[in-house]
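Visitor: Once you've had a glance at the structure underneath, I'll fire off some questions.
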Amino acid sequence: MIRLTSPFRVLIVEDEALLAMDIEALVEDAGHLVVGEAASVDEVHALPLSAAPDLAFVDLQLAFGSNGLDAARLIHERWARAAVIFVTANPKKIPEDFAGAHGVIPKPFSRAGLTSALRYIEEGLIAPPPTSPMPASFIASPAFAASWED
Amino acid sequence: MMDQRDNWHLTDLVEHESGRGDPFAAAVRATRMPMIITDPRQDDNPIVFCNEAFQNLSGYDRDEIIGTNCRFLQGPETDRAKVAEVRTAIEAGTDVAVDLLNYRKDGSTFWNALYVSPVRNSDGEIQFFFASQMDVSDRIEAQERIARQKAEVERQVEERTADLKTALDDKTLLLHEVDHRVKNNLTMIGSLLRLQARGIADPDILARLNAMLERVDALASVHRRLYQSDDVTRFDAGAFAVNLANDVVASSGRTEIDVKTDVALIDIPSTNASALGLVLNEIVTNAVKHGFADGRAGTLTVTARRDADQGIISIADDGPGFDASSTPEDGLGRMLIRRLSRQIGASVDWSSATPGARVTIRFAMEPDAVRAAA
């Protein structure tokens with residue numbers, strides 16, 4: 001299991017501009033670096049390989065009829081070590097295996113919810129297992145939880 | 001009681017002459033039940049006797065009937081399987097009773113309850129077959145009518161069930177769509193307020209905007225909790241209070257504040273969820289501000305329990321204690337607590353904890369919710 005160090009390089013895949021701006025600000029408030037934004041699967045394609053995100057927040061419903069599950073697959077293809085977190089109003093649409101993602105943050109999220117979810121993810125990626133309890137605003141995938149056992 | 005196989009003796013017990021004076025033959029001739037006798041020893045088992053009732057039923061004259069096989073009663077719609085059943089019984093020399101669709105001379109049809117039985121001599125050899133007919137068209141048609149009506153009712157029930165299912169599917173789809181839009185709008189309102197707050201330098205305005213943001217966040221949490229549950233009409237206020245306290249403390253960045261919880265399930269109607277959510281939000285944010293002022297570390301305790309027909313949620317800090325300054329100084333916050341708690345029939349009391357301050361919210365539980373939880 002790869003252990004990351006802070007700050008993270010963060011990719012935001014979200015078709016709602018307001019939300020993308022908001023998440024970007026919250027991520028930067030938490031001391032991380034936003035290395036790219038994409039509103040669709042095609043825009044994920046268009047990012048340079050050098051963006052090399054550690055962490056990607058991915059909306060399930062993206063622009064031009066594309067969806068977050070495809071975006072997650074593409075992110076894993078291009079940057080194998082990137083951790084994907086879905087951000088969605090429809091958590092029930094996420095498959096049981098989370099399509100390889102680390103977890104989901106249900107919408108609508110609060111600043112507190114996103115901040116505490118981010119802190120929990122940091123703990124899980126940098127020095128697992130996390131010391132804080134899992135916040136209500138975040139659901140870790142079974143695979144992410146299992147990785148703490150390594 | 002006499003064995004029915006030996007009942008041929010019965011007719012012998014009556015002293016009678018044969019021929020014209022034979023009462024049994026007279027009965028067969030004159031009865032209103034159509035009857036025939038066939039002779040299987042002759043080629044093709046022809047009819048050798050028919051009574052007047054049979055002529056009336058079939059519409060044929062006696063000389064058209066005698067000497068023919070009784071299959072002349074059959075027609076295109078007659079059930080071949082039933083005919084085969086009769087033939088098999090005759091070949092086996094056994095009794096048979098079937099309902100057959102038969103045809104009169106004029107081509108009209110009738111349902112014939114046919115009964116055929118062999119007549120044996122003292123050596124057990126079959127001498128004749130005896131057949132009685134009965135027009136049961138009324139019964140069969142009534143049965144068919146009932147079957148048709150039943151099928152029609154079943155069809156209508158199926159149709160209406162399908163209509164209802166479609167309506168339910170539409171409603172479920174609409175509910176999901178509305179839920180999705182409400183979530184998106186709440187998310188966008190939150191994002192707008194957060195983005196607006198970023199540009200503001202005045203600490204007083206920023207504090208007010210942040211307070212407003214926390215209220216929107218509280219509403220968003222209520223909505224999320226409601227639609228993640230299976231029952232959108234009920235809301236667990238206890239679990240929500242825990243979520244909210246954790247969220248508010250986490251967002252304050254005050255890692256030195258420990259949140260302790262001891263909550264039972266407190267089920268309230270979802271119509272009260274938003275109001276209670278906002279009241280709890282004011283109380284928790286106020287507790288973080290006053291109970292843990294100036295970076296003081298400590299424990300925020302959230303408890304939720306049921307006491308008979310009351311739901312009781314309390315938020316306690318272990319700070320400097322209760323005084324007038326412990327209540328929210330923000331006019332809107334105070335007003336929200338007062339008005340919204342009244343709206344949902346709740347009372348809110350500030351009191352001293354040892355140490356610190358405690359806020360207790362009490363509200364009546366619905367009798368149903370109490371029973372279900374008991």
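Going by the structure tokens order, chains are called A, B, ..., each with residues numbered from 1, while ligands are numbered from 1 in the order shown.
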Enumerate as a PyMOL selection string all residues of range 21-186 of chain B assigned to helix (DSSP H, G or I) by DSSP on the backbone, naming them with the chain letters and numbers the document uses.

Guide: chain B and resi 21+23-30+52-58+62-65+70-73+80-92+137-186

Visitor: Residues of chain A within 7 Å of chain B: nearest atom pair and distance (Å, one decimal) for each, counting only C-alpha atoms, sorted by chain and number, as CSV?

Guide:
```
residue,atom,partner,partner_atom,distance
A:Leu18,CA,B:Ser191,CA,6.3
A:Leu19,CA,B:Ser191,CA,5.9
A:Asp22,CA,B:Ser191,CA,5.4
A:Ala89,CA,B:His180,CA,6.2
A:Lys107,CA,B:Lys183,CA,6.3
A:Pro108,CA,B:Thr187,CA,4.6
A:Phe109,CA,B:Thr187,CA,6.5
A:Ser110,CA,B:Asp217,CA,5.0
A:Arg111,CA,B:Ser251,CA,6.6
A:Ala112,CA,B:Ser251,CA,3.9
A:Gly113,CA,B:Asp247,CA,5.8
A:Thr115,CA,B:Ser251,CA,6.5
A:Ser116,CA,B:Ala250,CA,5.8
A:Ala136,CA,B:Asn243,CA,6.2
```

Visitor: Within range 239-327 of chain B, find each residue whose DSSP state, derived from the backbone, is strand (DSSP E or B), and express the selection as a ChimeraX atom specification.

Guide: /B:257-263,267-269,298-307,310-316

Visitor: Any idea what's packed within 9 Å of Asp59 in chain A, counting only C-alpha atoms, ignoring anything in its chain fewer than 3 positions away? Could you give it as a list in words?

Guide: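 My list of contacting residues is Ile12, Val13, Glu14, Asp15, Ala39, Leu62, Asn67, Gly68, Leu69, Ala71, Ile85, Phe86, Val87, Thr88 and Ala89 of chain A.
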
Visitor: I'd like the neighbourhood of Val104 in chain A as a list in words, where a residue qualifies if any of its atoms comes within 10 Å (using only C-alpha atoms), though same-chain residues fewer than 4 positions away should be ignored.

Guide: Phe57, Val58, Asp59, Val84, Ile85, Phe86, Val87, Thr88, Asn90, Pro91, Ile94, Phe98, Ala117, Ser137, Phe138, Ile139, Ala140 and Ser141 of chain A

Visitor: Residues at most 8 Å from Phe235 in chain B, counting only C-alpha atoms, excluding those fewer than 6 positions away in the same chain, as a list in words?

Guide: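 Listing them by chain and then by number gives Arg225, Leu226, Ile266, Asp267, Ile268, Pro269, Ser270 and Ala273 of chain B.
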
Visitor: What lies within 8 Å of range 55-60 of chain B using only C-alpha atoms, ignoring chain neighbours under 2 positions off, as a list in words?

Guide: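 My list of contacting residues is Pro34, Cys50, Asn51, Glu52, Ala53, Arg62, Glu64, Ile65, Leu73, Tyr103, Arg104, Lys105, Asp106 and Asp135 of chain B.
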
Visitor: Give the answer as one residue: which of A:Ser40, A:Gln61, A:Ser50, A:Thr131 has the shortest atom-to-atom distance to Leu74 in chain A, using only C-alpha atoms?

Guide: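 Among the listed residues, the smallest separation from Leu74 in chain A belongs to A:Ser40.
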
Visitor: Quick one: residues within 8 Å of range 6-9 of chain A, only C-alpha atoms, excluding same-chain residues fewer than 6 positions away - as number ranges by chain?

Guide: A: 31-35, 52-55, 122, 126

Visitor: With distances taken over only C-alpha atoms, which of A:Leu49, A:Leu60, A:Ala17, A:Ile105 is nearest to Trp79 in chain A?

Guide: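 Counting only C-alpha atoms, the residue closest to Trp79 in chain A is A:Leu49.
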
Visitor: Could you please determine the separation between CA of Trp8 in chain B and CA of Arg71 in chain B in Å, to one decimal place?

Guide: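 Pair CA of Trp8 in chain B / CA of Arg71 in chain B returns 28.5 Å.
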